[in-house]
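Trainee: Quick one: this structure, given as structure tokens, is what I'll be asking you about.
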Amino acid sequence: MKIILYTIITTFSILFFKELELGLFNLGLSWTLSKATPYLLSILLGALLSITLYKSITLKKVFKVNLSILILLLPFVISFALHPIYQGDFSKNGKVLSQNSYNENTIDDGLMVITIPNCPYCYEAIGRLKTLALRNPELNIEYVVCSSDSNSITTYKEEIDGLFKIRIAKDRNELARVADGSFPAFVYVKNGKQTYKWSNSQFGVRALDLIEELAGK
């Protein structure tokens, strides 16, 4: 029966939600499509289950309608509960920076990531940056730590494992100002100028797609 088949497929799509997202990503889909597709699939499967159930059961219409609505929503609700969409996950909008002459960039084009020592969010961002670097070997990524202590970058350096550059800031106070005191901050550099900035909460999958698009130009 179709209802059994759809139920099995829906169950597997929920159980292997992250694996599906990763599989799509590894196939070359964009960050946005890879993240959005499992949620969209849960809605589609919910609709198929709902329509099939409505046609196959014999109940009063009001009960059939209410049950069908419940089944329609259930796969997405479970998927969302297990894999919440956080604020900024699909964000793209950041802040345009005026042309500047900061003597801080050591890359002409690419992504500069402004961080501070012992910052869990800065450390967590390294995972995304490593994936970004592997997908875009032509993209220059510079991980800059606002500190005067060269030992403060040791943990970050070990995690980065040579996939992109890491260094101490030349002027940590100036960079902290560029970051508006919020770390990590992601700054796109074009022709040696800092042109666009995202905070950590703004640097979602659409922003990552934009970085890849810019890197390909």
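Order determines the names: the first chain of the structure tokens is A, the second B, and so forth; residues in each chain are numbered 1 upward, and ligands are numbered 1 upward as they are shown.
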Could you pull out the alpha helix (DSSP H) residues of region 3-171 of chain A, going by DSSP on the backbone, and write them as a PyMOL selection string?

Mentor: chain A and resi 3-15+17-26+31-56+61-82+120-135+154-160

Trainee: Show me, as a PDB file with C-alpha atoms, in the first residue's frame, the residues that have an atom within 9 Å of Glu212 (chain A) when counting only C-alpha atoms, minus same-chain residues fewer than 6 positions from it.

Mentor:
```pdb
ATOM      1  CA  LEU A 132      34.465  26.259   2.666  1.00  0.00           C
ATOM      2  CA  ARG A 135      35.087  23.247  -1.574  1.00  0.00           C
ATOM      3  CA  ASN A 136      36.828  26.371  -2.836  1.00  0.00           C
ATOM      4  CA  LEU A 139      39.393  31.119  -2.010  1.00  0.00           C
TER       5      LEU A 139
END
```

Trainee: Please determine, counting only C-alpha atoms, which residue among A:Ile71, A:Val189, A:Ile114, A:Ile9 has the shortest atom-to-atom distance to Thr52 (chain A).

Mentor: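 Among A:Ile71, A:Val189, A:Ile114, A:Ile9, it is A:Ile71 that comes nearest to Thr52 (chain A).
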
Trainee: Where does DSSP see strand (DSSP E or B) in region 92-132 of chain A, if you list the residues as an MDAnalysis selection string?

Mentor: chainID A and resid 95:96 110:115

Trainee: I'd like to know which of A:Glu158, A:Asp109, A:Glu21, A:Glu124 is closest to Leu214 (chain A), using only C-alpha atoms.

Mentor: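 Between A:Glu158, A:Asp109, A:Glu21, A:Glu124, the residue approaching Leu214 (chain A) most closely is A:Asp109.
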
Trainee: I need the residue nearest Ile43 (chain A) from this list: A:Val96, A:Val178, A:Leu70, A:Val205. Use only C-alpha atoms for the distance.

Mentor: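 Between A:Val96, A:Val178, A:Leu70, A:Val205, the residue approaching Ile43 (chain A) most closely is A:Leu70.
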
Trainee: Set the distance at 9 Å and use only C-alpha atoms: which residues neighbour Ala176 (chain A) once local chain neighbours fewer than 4 positions away are removed? I'd like the list as a list in words.

Mentor: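 Within the cut-off, the hits are Ile114, Thr115, Ile116, Cys146, Asp171, Arg172, Asp180, Gly181, Ser182 and Phe183 of chain A.
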
Trainee: Here is a test: counting only C-alpha atoms, which residue of A:Ile107, A:Val145, A:Ile153, A:Ile8 is nearest to Leu175 (chain A)?

Mentor: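 For Leu175 (chain A), the nearest of the candidates is A:Val145.
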
Trainee: For Lys92 (chain A), which of A:Lys190, A:Ile4, A:Trp31, A:Leu40 is the closest residue, counting only C-alpha atoms?

Mentor: A:Trp31

Trainee: Residues within 8 Å of Tyr121 (chain A), please, as a list in words. Count only C-alpha atoms; anything in the same chain fewer than 4 positions from it doesn't count.

Mentor: Ala125, Phe183, Pro184 and Asn200 of chain A

Trainee: Looking at only C-alpha atoms, which of A:Lys64, A:Lys95, A:Arg177, A:Lys170 is the one that sits closest to Thr195 (chain A)?

Mentor: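 When distances to Thr195 (chain A) are compared using only C-alpha atoms, the smallest one comes from A:Lys95.
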
Trainee: Would you mind listing what lies within 12 Å of Gly162 (chain A) as a list in words, with only C-alpha atoms counted and same-chain residues fewer than 4 positions away left out?

Mentor: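 So the residues in contact are Ile126, Leu129, Lys130, Ala133, Leu134, Ile141, Glu142, Tyr143, Tyr156, Lys157, Glu158, Ile166 and Arg167 of chain A.
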
Trainee: Quick one, how far is CA of Leu73 (chain A) from CA of Ser50 (chain A)?

Mentor: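 Rounded to one decimal, the two atoms are 8.8 Å apart.
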